[in-house]
>>> print(open('start.pdb').read())   # PDB, C-alpha atoms and all ligand atoms
ATOM      1  CA  MET A 317      65.544  68.931   2.513
ATOM      2  CA  LEU A 318      65.524  66.006   4.955
ATOM      3  CA  ASP A 319      66.196  67.180   8.518
ATOM      4  CA  HIS A 320      69.493  66.208  10.186
ATOM      5  CA  LEU A 321      67.494  63.585  12.056
ATOM      6  CA  THR A 322      64.210  61.979  10.981
ATOM      7  CA  VAL A 323      62.495  59.555  13.355
ATOM      8  CA  VAL A 324      59.885  57.565  11.433
ATOM      9  CA  LYS A 325      56.906  57.390  13.789
ATOM     10  CA  HIS A 326      54.561  55.549  11.424
ATOM     11  CA  PRO A 327      52.435  53.067  13.448
ATOM     12  CA  LEU A 328      53.477  50.103  11.282
ATOM     13  CA  VAL A 329      57.171  50.914  11.811
ATOM     14  CA  GLN A 330      56.742  51.307  15.565
ATOM     15  CA  HIS A 331      54.678  48.118  15.892
ATOM     16  CA  LYS A 332      57.160  46.021  13.933
ATOM     17  CA  LEU A 333      60.073  47.521  15.868
ATOM     18  CA  SER A 334      58.510  46.550  19.204
ATOM     19  CA  LEU A 335      58.136  42.956  17.973
ATOM     20  CA  MET A 336      61.796  42.974  16.905
ATOM     21  CA  ARG A 337      62.946  44.240  20.289
ATOM     22  CA  ASP A 338      61.205  41.386  22.137
ATOM     23  CA  LYS A 339      63.852  38.818  23.101
ATOM     24  CA  ASN A 340      61.345  36.012  22.496
ATOM     25  CA  THR A 341      60.989  36.854  18.795
ATOM     26  CA  SER A 342      62.469  34.055  16.677
ATOM     27  CA  THR A 343      65.268  34.530  14.130
ATOM     28  CA  ALA A 344      62.811  33.880  11.282
ATOM     29  CA  SER A 345      60.347  36.490  12.538
ATOM     30  CA  PHE A 346      63.126  38.977  13.272
ATOM     31  CA  ARG A 347      64.379  38.655   9.696
ATOM     32  CA  ARG A 348      60.901  39.010   8.191
ATOM     33  CA  LEU A 349      60.148  42.072  10.327
ATOM     34  CA  LEU A 350      63.464  43.653   9.395
ATOM     35  CA  ARG A 351      62.689  43.193   5.706
ATOM     36  CA  GLU A 352      59.235  44.721   6.146
ATOM     37  CA  ILE A 353      60.448  47.648   8.223
ATOM     38  CA  SER A 354      63.285  48.389   5.803
ATOM     39  CA  LEU A 355      60.734  48.909   3.015
ATOM     40  CA  LEU A 356      58.970  51.528   5.107
ATOM     41  CA  LEU A 357      62.213  53.261   6.104
ATOM     42  CA  ALA A 358      63.423  53.201   2.493
ATOM     43  CA  TYR A 359      60.268  55.053   1.469
ATOM     44  CA  GLU A 360      61.250  57.849   3.868
ATOM     45  CA  VAL A 361      64.966  58.026   3.048
ATOM     46  CA  THR A 362      64.373  58.209  -0.729
ATOM     47  CA  ARG A 363      61.967  61.176  -0.490
ATOM     48  CA  GLU A 364      64.381  63.522  -2.206
ATOM     49  CA  LEU A 365      65.404  61.487  -5.244
ATOM     50  CA  ASP A 366      65.574  63.775  -8.280
ATOM     51  CA  MET A 367      62.590  63.725 -10.601
ATOM     52  CA  THR A 368      61.990  64.619 -14.223
ATOM     53  CA  THR A 369      59.043  64.109 -16.569
ATOM     54  CA  ILE A 370      58.581  61.947 -19.632
ATOM     55  CA  GLU A 371      55.892  62.075 -22.277
ATOM     56  CA  ILE A 372      53.584  59.053 -22.239
ATOM     57  CA  GLU A 373      50.094  58.213 -23.425
ATOM     58  CA  THR A 374      47.541  56.816 -21.031
ATOM     59  CA  PRO A 375      44.590  54.982 -22.605
ATOM     60  CA  LEU A 376      42.798  58.359 -22.446
ATOM     61  CA  GLU A 377      45.321  61.026 -23.482
ATOM     62  CA  PRO A 378      48.990  62.059 -23.638
ATOM     63  CA  MET A 379      50.570  63.376 -20.438
ATOM     64  CA  SER A 380      53.872  64.507 -18.946
ATOM     65  CA  ALA A 381      54.487  61.888 -16.250
ATOM     66  CA  PRO A 382      56.984  62.130 -13.356
ATOM     67  CA  VAL A 383      59.842  59.598 -13.224
ATOM     68  CA  LEU A 384      63.152  59.309 -11.391
ATOM     69  CA  GLU A 385      66.048  61.209 -12.922
ATOM     70  CA  GLY A 386      69.783  60.651 -12.989
ATOM     71  CA  LYS A 387      72.002  57.765 -12.054
ATOM     72  CA  LYS A 388      70.714  54.825 -10.034
ATOM     73  CA  LEU A 389      71.119  55.306  -6.318
ATOM     74  CA  ALA A 390      73.875  53.540  -4.398
ATOM     75  CA  LEU A 391      73.112  51.460  -1.306
ATOM     76  CA  ILE A 392      76.120  50.833   0.900
ATOM     77  CA  SER A 393      75.823  48.111   3.527
ATOM     78  CA  ILE A 394      78.121  48.210   6.540
ATOM     79  CA  LEU A 395      78.937  44.534   7.109
ATOM     80  CA  ARG A 396      77.500  42.427   8.409
ATOM     81  CA  ALA A 397      74.283  43.717   9.959
ATOM     82  CA  GLY A 398      73.696  46.235   7.167
ATOM     83  CA  ASN A 399      72.846  43.324   4.879
ATOM     84  CA  GLY A 400      69.645  42.745   6.833
ATOM     85  CA  LEU A 401      68.327  46.124   5.686
ATOM     86  CA  LEU A 402      69.334  45.632   2.055
ATOM     87  CA  ASP A 403      66.724  43.075   0.938
ATOM     88  CA  GLY A 404      63.705  45.241   1.721
ATOM     89  CA  ILE A 405      65.208  48.355   0.190
ATOM     90  CA  LEU A 406      66.141  46.471  -2.978
ATOM     91  CA  GLU A 407      62.550  45.303  -3.306
ATOM     92  CA  LEU A 408      61.503  48.960  -3.437
ATOM     93  CA  VAL A 409      64.435  50.151  -5.573
ATOM     94  CA  PRO A 410      65.435  47.075  -7.580
ATOM     95  CA  ALA A 411      67.799  48.940  -9.914
ATOM     96  CA  ALA A 412      69.934  50.391  -7.091
ATOM     97  CA  ARG A 413      73.668  49.718  -7.183
ATOM     98  CA  VAL A 414      75.022  48.016  -4.065
ATOM     99  CA  GLY A 415      78.316  48.333  -2.219
ATOM    100  CA  PHE A 416      79.787  46.813   0.944
ATOM    101  CA  VAL A 417      82.133  48.219   3.547
ATOM    102  CA  GLY A 418      83.662  45.936   6.202
ATOM    103  CA  LEU A 419      85.278  47.391   9.304
ATOM    104  CA  TYR A 420      86.592  45.798  12.486
ATOM    105  CA  ARG A 421      87.665  47.448  15.698
ATOM    106  CA  ASP A 422      91.405  47.325  16.389
ATOM    107  CA  PRO A 423      91.647  45.842  19.903
ATOM    108  CA  GLU A 424      94.510  48.155  20.872
ATOM    109  CA  THR A 425      93.574  51.506  19.366
ATOM    110  CA  LEU A 426      89.806  50.729  19.399
ATOM    111  CA  ARG A 427      89.644  52.498  16.037
ATOM    112  CA  PRO A 428      87.747  51.036  13.059
ATOM    113  CA  VAL A 429      90.005  49.377  10.474
ATOM    114  CA  GLN A 430      88.762  48.618   6.952
ATOM    115  CA  TYR A 431      88.970  44.966   5.838
ATOM    116  CA  TYR A 432      86.670  45.126   2.807
ATOM    117  CA  CYS A 433      85.435  47.818   0.451
ATOM    118  CA  LYS A 434      83.685  47.377  -2.884
ATOM    119  CA  VAL A 435      81.398  50.206  -3.950
ATOM    120  CA  PRO A 436      79.656  51.318  -7.175
ATOM    121  CA  ASP A 437      81.382  53.750  -9.543
ATOM    122  CA  ALA A 438      80.420  57.412 -10.040
ATOM    123  CA  LEU A 439      79.423  57.974  -6.423
ATOM    124  CA  ASP A 440      79.725  61.704  -7.105
ATOM    125  CA  SER A 441      76.552  61.581  -9.194
ATOM    126  CA  ARG A 442      74.426  59.151  -7.150
ATOM    127  CA  MET A 443      72.365  59.527  -4.014
ATOM    128  CA  THR A 444      74.263  57.247  -1.632
ATOM    129  CA  ILE A 445      72.389  55.572   1.217
ATOM    130  CA  VAL A 446      74.510  53.968   3.912
ATOM    131  CA  VAL A 447      72.659  51.260   5.851
ATOM    132  CA  ASP A 448      73.431  49.801   9.270
ATOM    133  CA  PRO A 449      70.627  48.808  11.668
ATOM    134  CA  MET A 450      72.347  50.083  14.820
ATOM    135  CA  LEU A 451      73.885  53.556  15.175
ATOM    136  CA  ALA A 452      75.677  52.939  18.485
ATOM    137  CA  THR A 453      79.007  54.768  19.068
ATOM    138  CA  GLY A 454      78.928  56.022  15.494
ATOM    139  CA  ASN A 455      82.587  55.054  14.969
ATOM    140  CA  SER A 456      82.007  52.620  12.106
ATOM    141  CA  SER A 457      79.380  54.823  10.440
ATOM    142  CA  VAL A 458      81.690  57.835  10.550
ATOM    143  CA  ALA A 459      84.598  55.757   9.170
ATOM    144  CA  ALA A 460      82.435  54.299   6.372
ATOM    145  CA  ILE A 461      81.217  57.743   5.368
ATOM    146  CA  ASP A 462      84.809  59.107   5.474
ATOM    147  CA  LEU A 463      85.676  56.385   2.979
ATOM    148  CA  LEU A 464      82.709  57.096   0.710
ATOM    149  CA  LYS A 465      83.531  60.805   0.666
ATOM    150  CA  GLU A 466      87.128  59.953  -0.301
ATOM    151  CA  LYS A 467      85.626  58.017  -3.211
ATOM    152  CA  GLY A 468      83.630  61.052  -4.298
ATOM    153  CA  ALA A 469      80.203  60.671  -2.669
ATOM    154  CA  THR A 470      78.619  64.023  -1.836
ATOM    155  CA  ASN A 471      74.892  63.281  -1.544
ATOM    156  CA  ILE A 472      74.791  60.825   1.374
ATOM    157  CA  ARG A 473      72.019  59.609   3.708
ATOM    158  CA  PHE A 474      72.381  57.284   6.698
ATOM    159  CA  LEU A 475      69.610  54.773   7.390
ATOM    160  CA  CYS A 476      69.353  52.785  10.619
ATOM    161  CA  LEU A 477      66.729  51.065  12.727
ATOM    162  CA  LEU A 478      67.847  52.287  16.145
ATOM    163  CA  ALA A 479      70.122  55.141  17.131
ATOM    164  CA  ALA A 480      71.788  56.043  20.436
ATOM    165  CA  PRO A 481      72.115  59.759  21.293
ATOM    166  CA  GLU A 482      75.920  59.243  21.476
ATOM    167  CA  GLY A 483      76.036  57.955  17.884
ATOM    168  CA  ILE A 484      73.840  60.737  16.555
ATOM    169  CA  GLU A 485      76.074  63.335  18.196
ATOM    170  CA  ARG A 486      79.223  61.728  16.813
ATOM    171  CA  MET A 487      77.754  61.585  13.294
ATOM    172  CA  GLN A 488      76.534  65.165  13.428
ATOM    173  CA  GLU A 489      79.981  66.377  14.518
ATOM    174  CA  ALA A 490      81.831  64.417  11.834
ATOM    175  CA  HIS A 491      79.297  64.571   8.980
ATOM    176  CA  PRO A 492      76.775  67.363   9.552
ATOM    177  CA  ASP A 493      75.804  67.164   5.868
ATOM    178  CA  VAL A 494      74.507  63.573   6.206
ATOM    179  CA  PRO A 495      70.846  63.292   7.252
ATOM    180  CA  ILE A 496      70.012  60.338   9.523
ATOM    181  CA  VAL A 497      66.749  58.404   9.199
ATOM    182  CA  THR A 498      65.851  56.007  12.018
ATOM    183  CA  ALA A 499      62.847  54.310  13.596
ATOM    184  CA  SER A 500      63.851  55.239  17.166
ATOM    185  CA  VAL A 501      66.314  57.180  19.292
ATOM    186  CA  ASP A 502      66.890  55.023  22.365
ATOM    187  CA  SER A 503      68.063  56.011  25.840
ATOM    188  CA  HIS A 504      71.849  55.431  25.907
ATOM    189  CA  LEU A 505      74.768  53.051  25.289
ATOM    190  CA  ASN A 506      75.769  50.621  28.034
ATOM    191  CA  ASP A 507      79.394  49.898  29.040
ATOM    192  CA  HIS A 508      79.670  47.272  26.290
ATOM    193  CA  GLY A 509      78.523  49.670  23.567
ATOM    194  CA  TYR A 510      75.035  48.172  23.277
ATOM    195  CA  ILE A 511      72.034  50.408  22.683
ATOM    196  CA  VAL A 512      69.622  50.419  25.663
ATOM    197  CA  PRO A 513      66.817  49.310  25.626
ATOM    198  CA  GLY A 514      67.762  48.325  22.056
ATOM    199  CA  LEU A 515      67.245  44.879  20.637
ATOM    200  CA  GLY A 516      70.562  43.170  21.410
ATOM    201  CA  ASP A 517      73.105  42.286  18.753
ATOM    202  CA  ALA A 518      71.347  42.922  15.450
ATOM    203  CA  GLY A 519      73.711  40.648  13.475
ATOM    204  CA  ASP A 520      73.275  37.747  15.890
ATOM    205  CA  ARG A 521      69.520  38.146  15.945
ATOM    206  CA  MET A 522      69.114  38.287  12.158
ATOM    207  CA  PHE A 523      71.583  35.517  11.346
ATOM    208  CA  GLY A 524      70.914  33.284  14.368
ATOM    209  CA  THR A 525      74.492  33.387  15.648
ATOM    210  CA  LYS A 526      75.693  34.046  19.193
TER     211      LYS A 526
HETATM  212  N1  LIG B   1      75.390  46.761  17.514
HETATM  213  C1  LIG B   1      74.347  45.927  17.788
HETATM  214  O1  LIG B   1      74.126  44.959  17.083
HETATM  215  N2  LIG B   1      73.603  46.204  18.869
HETATM  216  C2  LIG B   1      73.803  47.269  19.654
HETATM  217  O2  LIG B   1      73.047  47.470  20.610
HETATM  218  C3  LIG B   1      74.894  48.116  19.348
HETATM  219  C4  LIG B   1      75.664  47.838  18.267
END
>>> encode(input="start.pdb", output="C-alpha cells", more="lines below")
Ligand code: URA
Amino acid sequence: MLDHLTVVKHPLVQHKLSLMRDKNTSTASFRRLLREISLLLAYEVTRELDMTTIEIETPLEPMSAPVLEGKKLALISILRAGNGLLDGILELVPAARVGFVGLYRDPETLRPVQYYCKVPDALDSRMTIVVDPMLATGNSSVAAIDLLKEKGATNIRFLCLLAAPEGIERMQEAHPDVPIVTASVDSHLNDHGYIVPGLGDAGDRMFGTK
C-alpha cells in the first residue's frame, strides 16, 4: 500500500524542482521541467497498478510475462494547472483515460463551485489519479475528490508537485483513503493562500500569464 503521504526524494526530482522554484526560470524551461518531473512522479504514483501475466515467447523460450491488468487508469486534471502535469504522465501511460474538473472559488462563501466536469466512465473499476501541481488549502482537491466519489471512484490517488501542511491535513481529514504523492512539503501558506517558499502561481508560470 502507498503511505498516506509519499514525498519523492529522488535527486532528479529535487534538482528539477529547485530549478522550477527559481523566479528567473523562463516559461519554456518551467514547462519542460514540469513535463520531466511529472514522468518521475507518475512512476511513483502508479506503483500499485494491478498486474497479471500473459503467455509469450521470447526468441529463446516461452514465458509467463507480467502485464497491467484491468481497465485503463483515469487521470483527472483539476483545471487549469493540473494540465501541466498531464503531458508527462500521458507519455508514460499513453492509454490512460483523461477527465477534467473545473472549480472556482465563490467570492462570498469562499467555497469551491464546479463550472466544468467531464470524466471517464466506469470510475468504480479504474485507478483514478487526480493531478494538481499545488496542494495549498486543499479546498479544491477535496471538492474534486468528493465529486469523483459521487461518480463511483473508490481507488483514488492525489498527485501534486508541492504540498502545504494545511492542505495535507485538510485532505487527510476529508479523504483519509486517498494517498498523496508529492515532491515536497513546504513550510506554510501565506495570507493569500500561496505556498511558501513555493514557486508562485503554477498556472501563471506554466502558461506565461500574470
Ligand atoms: N496555487 C498556486 O498556483 N500556487 C500556490 O502557491 C498556491 C496555490
>>> residues_near_ligand(input="start.pdb", ligand="ligand LIG 1 (chain B)", cutoff="8 Å", atoms="all atoms listed in the file", output="ChimeraX atom specification")
/A:397,449-453,505,509-512,514-520
>>> atom_distance(input="start.pdb", atom1="atom CA of A:Lys388", atom2="atom CA of A:Thr498")
22.6 Å
>>> atom_distance(input="start.pdb", atom1="atom CA of A:Val446", atom2="atom CA of A:Arg337")
22.3 Å
>>> resolve_selection(input="start.pdb", expression="the PyMOL selection byres (((chain A and resi 345-348) around 12) and not hetatm)", output="PDB file with C-alpha atoms, keeping the file's coordinate frame")
ATOM      1  CA  LYS A 332      57.160  46.021  13.933  1.00  0.00           C
ATOM      2  CA  LEU A 333      60.073  47.521  15.868  1.00  0.00           C
ATOM      3  CA  SER A 334      58.510  46.550  19.204  1.00  0.00           C
ATOM      4  CA  LEU A 335      58.136  42.956  17.973  1.00  0.00           C
ATOM      5  CA  MET A 336      61.796  42.974  16.905  1.00  0.00           C
ATOM      6  CA  ARG A 337      62.946  44.240  20.289  1.00  0.00           C
ATOM      7  CA  ASP A 338      61.205  41.386  22.137  1.00  0.00           C
ATOM      8  CA  LYS A 339      63.852  38.818  23.101  1.00  0.00           C
ATOM      9  CA  ASN A 340      61.345  36.012  22.496  1.00  0.00           C
ATOM     10  CA  THR A 341      60.989  36.854  18.795  1.00  0.00           C
ATOM     11  CA  SER A 342      62.469  34.055  16.677  1.00  0.00           C
ATOM     12  CA  THR A 343      65.268  34.530  14.130  1.00  0.00           C
ATOM     13  CA  ALA A 344      62.811  33.880  11.282  1.00  0.00           C
ATOM     14  CA  LEU A 349      60.148  42.072  10.327  1.00  0.00           C
ATOM     15  CA  LEU A 350      63.464  43.653   9.395  1.00  0.00           C
ATOM     16  CA  ARG A 351      62.689  43.193   5.706  1.00  0.00           C
ATOM     17  CA  GLU A 352      59.235  44.721   6.146  1.00  0.00           C
ATOM     18  CA  ILE A 353      60.448  47.648   8.223  1.00  0.00           C
ATOM     19  CA  SER A 354      63.285  48.389   5.803  1.00  0.00           C
ATOM     20  CA  LEU A 355      60.734  48.909   3.015  1.00  0.00           C
ATOM     21  CA  ALA A 397      74.283  43.717   9.959  1.00  0.00           C
ATOM     22  CA  ASN A 399      72.846  43.324   4.879  1.00  0.00           C
ATOM     23  CA  GLY A 400      69.645  42.745   6.833  1.00  0.00           C
ATOM     24  CA  LEU A 401      68.327  46.124   5.686  1.00  0.00           C
ATOM     25  CA  LEU A 402      69.334  45.632   2.055  1.00  0.00           C
ATOM     26  CA  ASP A 403      66.724  43.075   0.938  1.00  0.00           C
ATOM     27  CA  GLY A 404      63.705  45.241   1.721  1.00  0.00           C
ATOM     28  CA  LEU A 515      67.245  44.879  20.637  1.00  0.00           C
ATOM     29  CA  GLY A 516      70.562  43.170  21.410  1.00  0.00           C
ATOM     30  CA  ASP A 517      73.105  42.286  18.753  1.00  0.00           C
ATOM     31  CA  ALA A 518      71.347  42.922  15.450  1.00  0.00           C
ATOM     32  CA  GLY A 519      73.711  40.648  13.475  1.00  0.00           C
ATOM     33  CA  ASP A 520      73.275  37.747  15.890  1.00  0.00           C
ATOM     34  CA  ARG A 521      69.520  38.146  15.945  1.00  0.00           C
ATOM     35  CA  MET A 522      69.114  38.287  12.158  1.00  0.00           C
ATOM     36  CA  PHE A 523      71.583  35.517  11.346  1.00  0.00           C
ATOM     37  CA  GLY A 524      70.914  33.284  14.368  1.00  0.00           C
TER      38      GLY A 524
END
>>> residues_around(input="start.pdb", residues="A:Asp448", least_positions_apart="2", cutoff="6 Å", atoms="all atoms listed in the file", output="list of chain:residue names")
A:Ile394, A:Gly398, A:Met450, A:Cys476
>>> resolve_selection(input="start.pdb", expression="the PyMOL selection byres (((chain A and resi 454-469) around 8) and not hetatm)", output="ChimeraX atom specification")
/A:394,417,419,427-428,438-442,444,446,448,451-453,470-472,482-484,486-487,490-491
>>> atom_distance(input="start.pdb", atom1="atom CA of A:Pro382", atom2="atom CA of A:Glu407")
20.4 Å
>>> closest_residue(input="start.pdb", among="A:Val329, A:Val497, A:Ala381, A:Val414", to="A:Thr362", atoms="all atoms listed in the file")
A:Val497
>>> closest_residue(input="start.pdb", among="A:Ala358, A:Leu478, A:Val383, A:Ile445", to="A:Val323", atoms="only C-alpha atoms")
A:Leu478
>>> resolve_selection(input="start.pdb", expression="the PyMOL selection byres (((chain A and resi 495) around 6) and not hetatm)", output="list of chain:residue names")
A:His320, A:Leu321, A:Arg473, A:Val494, A:Ile496
>>> residues_near_point(input="start.pdb", point="(90.3, 44.4, 7.2)", cutoff="8 Å", atoms="only C-alpha atoms", output="list in words")
Gly418, Leu419, Tyr420, Val429, Gln430, Tyr431 and Tyr432 of chain A
>>> axis_aligned_box(input="start.pdb", around="stretch 413-419 of chain A", padding_each_side="5 Å", output="JSON")
{"center_x": 79.5, "center_y": 47.8, "center_z": 1.1, "size_x": 21.6, "size_y": 13.8, "size_z": 26.5}
>>> decode(input="start.pdb", residues="stretch 356-436 of chain A", atoms="C-alpha atoms", output="mmCIF file, in the first residue's frame")
data_model
loop_
_atom_site.group_PDB
_atom_site.id
_atom_site.type_symbol
_atom_site.label_atom_id
_atom_site.label_comp_id
_atom_site.auth_asym_id
_atom_site.auth_seq_id
_atom_site.Cartn_x
_atom_site.Cartn_y
_atom_site.Cartn_z
ATOM 1 C CA LEU A 356 9.120 10.719 -12.440
ATOM 2 C CA LEU A 357 6.181 11.368 -10.105
ATOM 3 C CA ALA A 358 3.898 9.249 -12.296
ATOM 4 C CA TYR A 359 6.311 6.343 -11.895
ATOM 5 C CA GLU A 360 5.815 6.582 -8.122
ATOM 6 C CA VAL A 361 2.038 7.086 -8.074
ATOM 7 C CA THR A 362 1.368 4.116 -10.394
ATOM 8 C CA ARG A 363 3.345 1.636 -8.252
ATOM 9 C CA GLU A 364 0.243 -0.281 -7.262
ATOM 10 C CA LEU A 365 -1.442 -0.808 -10.623
ATOM 11 C CA ASP A 366 -2.849 -4.340 -10.776
ATOM 12 C CA MET A 367 -0.780 -6.904 -12.630
ATOM 13 C CA THR A 368 -1.481 -10.216 -14.309
ATOM 14 C CA THR A 369 0.601 -12.495 -16.528
ATOM 15 C CA ILE A 370 0.320 -13.436 -20.175
ATOM 16 C CA GLU A 371 1.987 -16.246 -22.064
ATOM 17 C CA ILE A 372 4.535 -15.050 -24.621
ATOM 18 C CA GLU A 373 7.539 -16.477 -26.420
ATOM 19 C CA THR A 374 10.872 -14.725 -26.271
ATOM 20 C CA PRO A 375 13.366 -15.624 -29.013
ATOM 21 C CA LEU A 376 14.690 -18.222 -26.537
ATOM 22 C CA GLU A 377 11.665 -19.828 -24.859
ATOM 23 C CA PRO A 378 8.041 -19.413 -23.740
ATOM 24 C CA MET A 379 7.418 -17.481 -20.523
ATOM 25 C CA SER A 380 4.654 -16.083 -18.328
ATOM 26 C CA ALA A 381 5.255 -12.330 -18.555
ATOM 27 C CA PRO A 382 3.804 -9.640 -16.247
ATOM 28 C CA VAL A 383 1.466 -7.028 -17.769
ATOM 29 C CA LEU A 384 -1.024 -4.489 -16.445
ATOM 30 C CA GLU A 385 -4.465 -5.839 -15.623
ATOM 31 C CA GLY A 386 -7.929 -4.334 -15.658
ATOM 32 C CA LYS A 387 -9.365 -1.137 -17.017
ATOM 33 C CA LYS A 388 -7.153 1.732 -18.137
ATOM 34 C CA LEU A 389 -6.405 4.178 -15.370
ATOM 35 C CA ALA A 390 -8.167 7.534 -15.185
ATOM 36 C CA LEU A 391 -6.210 10.783 -14.908
ATOM 37 C CA ILE A 392 -8.257 13.702 -13.641
ATOM 38 C CA SER A 393 -6.808 17.179 -14.096
ATOM 39 C CA ILE A 394 -8.018 19.980 -11.845
ATOM 40 C CA LEU A 395 -8.156 22.967 -14.203
ATOM 41 C CA ARG A 396 -6.135 24.754 -15.159
ATOM 42 C CA ALA A 397 -2.772 23.997 -13.565
ATOM 43 C CA GLY A 398 -3.418 20.249 -13.474
ATOM 44 C CA ASN A 399 -2.997 20.202 -17.249
ATOM 45 C CA GLY A 400 0.706 20.918 -16.827
ATOM 46 C CA LEU A 401 1.168 17.550 -15.121
ATOM 47 C CA LEU A 402 -0.878 15.623 -17.679
ATOM 48 C CA ASP A 403 1.528 15.615 -20.647
ATOM 49 C CA GLY A 404 4.353 13.827 -18.844
ATOM 50 C CA ILE A 405 2.073 11.262 -17.256
ATOM 51 C CA LEU A 406 0.413 10.519 -20.595
ATOM 52 C CA GLU A 407 3.826 9.872 -22.114
ATOM 53 C CA LEU A 408 4.323 7.132 -19.520
ATOM 54 C CA VAL A 409 0.741 5.814 -19.620
ATOM 55 C CA PRO A 410 -0.467 6.666 -23.129
ATOM 56 C CA ALA A 411 -3.659 4.600 -22.904
ATOM 57 C CA ALA A 412 -4.941 6.360 -19.758
ATOM 58 C CA ARG A 413 -8.399 7.919 -19.897
ATOM 59 C CA VAL A 414 -8.468 11.629 -19.068
ATOM 60 C CA GLY A 415 -11.013 13.788 -17.274
ATOM 61 C CA PHE A 416 -11.201 17.452 -16.264
ATOM 62 C CA VAL A 417 -12.745 19.153 -13.267
ATOM 63 C CA GLY A 418 -13.057 22.959 -13.155
ATOM 64 C CA LEU A 419 -13.761 24.745 -9.890
ATOM 65 C CA TYR A 420 -13.787 28.418 -8.941
ATOM 66 C CA ARG A 421 -13.969 29.985 -5.521
ATOM 67 C CA ASP A 422 -17.249 31.752 -4.742
ATOM 68 C CA PRO A 423 -16.174 35.245 -3.625
ATOM 69 C CA GLU A 424 -18.836 35.385 -0.908
ATOM 70 C CA THR A 425 -18.844 31.904 0.594
ATOM 71 C CA LEU A 426 -15.199 31.208 -0.417
ATOM 72 C CA ARG A 427 -16.335 27.667 -1.211
ATOM 73 C CA PRO A 428 -15.325 25.883 -4.436
ATOM 74 C CA VAL A 429 -18.071 25.834 -7.079
ATOM 75 C CA GLN A 430 -17.936 23.431 -10.034
ATOM 76 C CA TYR A 431 -18.043 25.021 -13.511
ATOM 77 C CA TYR A 432 -16.869 22.044 -15.575
ATOM 78 C CA CYS A 433 -16.788 18.284 -15.150
ATOM 79 C CA LYS A 434 -16.155 15.649 -17.802
ATOM 80 C CA VAL A 435 -14.690 12.374 -16.578
ATOM 81 C CA PRO A 436 -14.217 8.838 -17.972
#
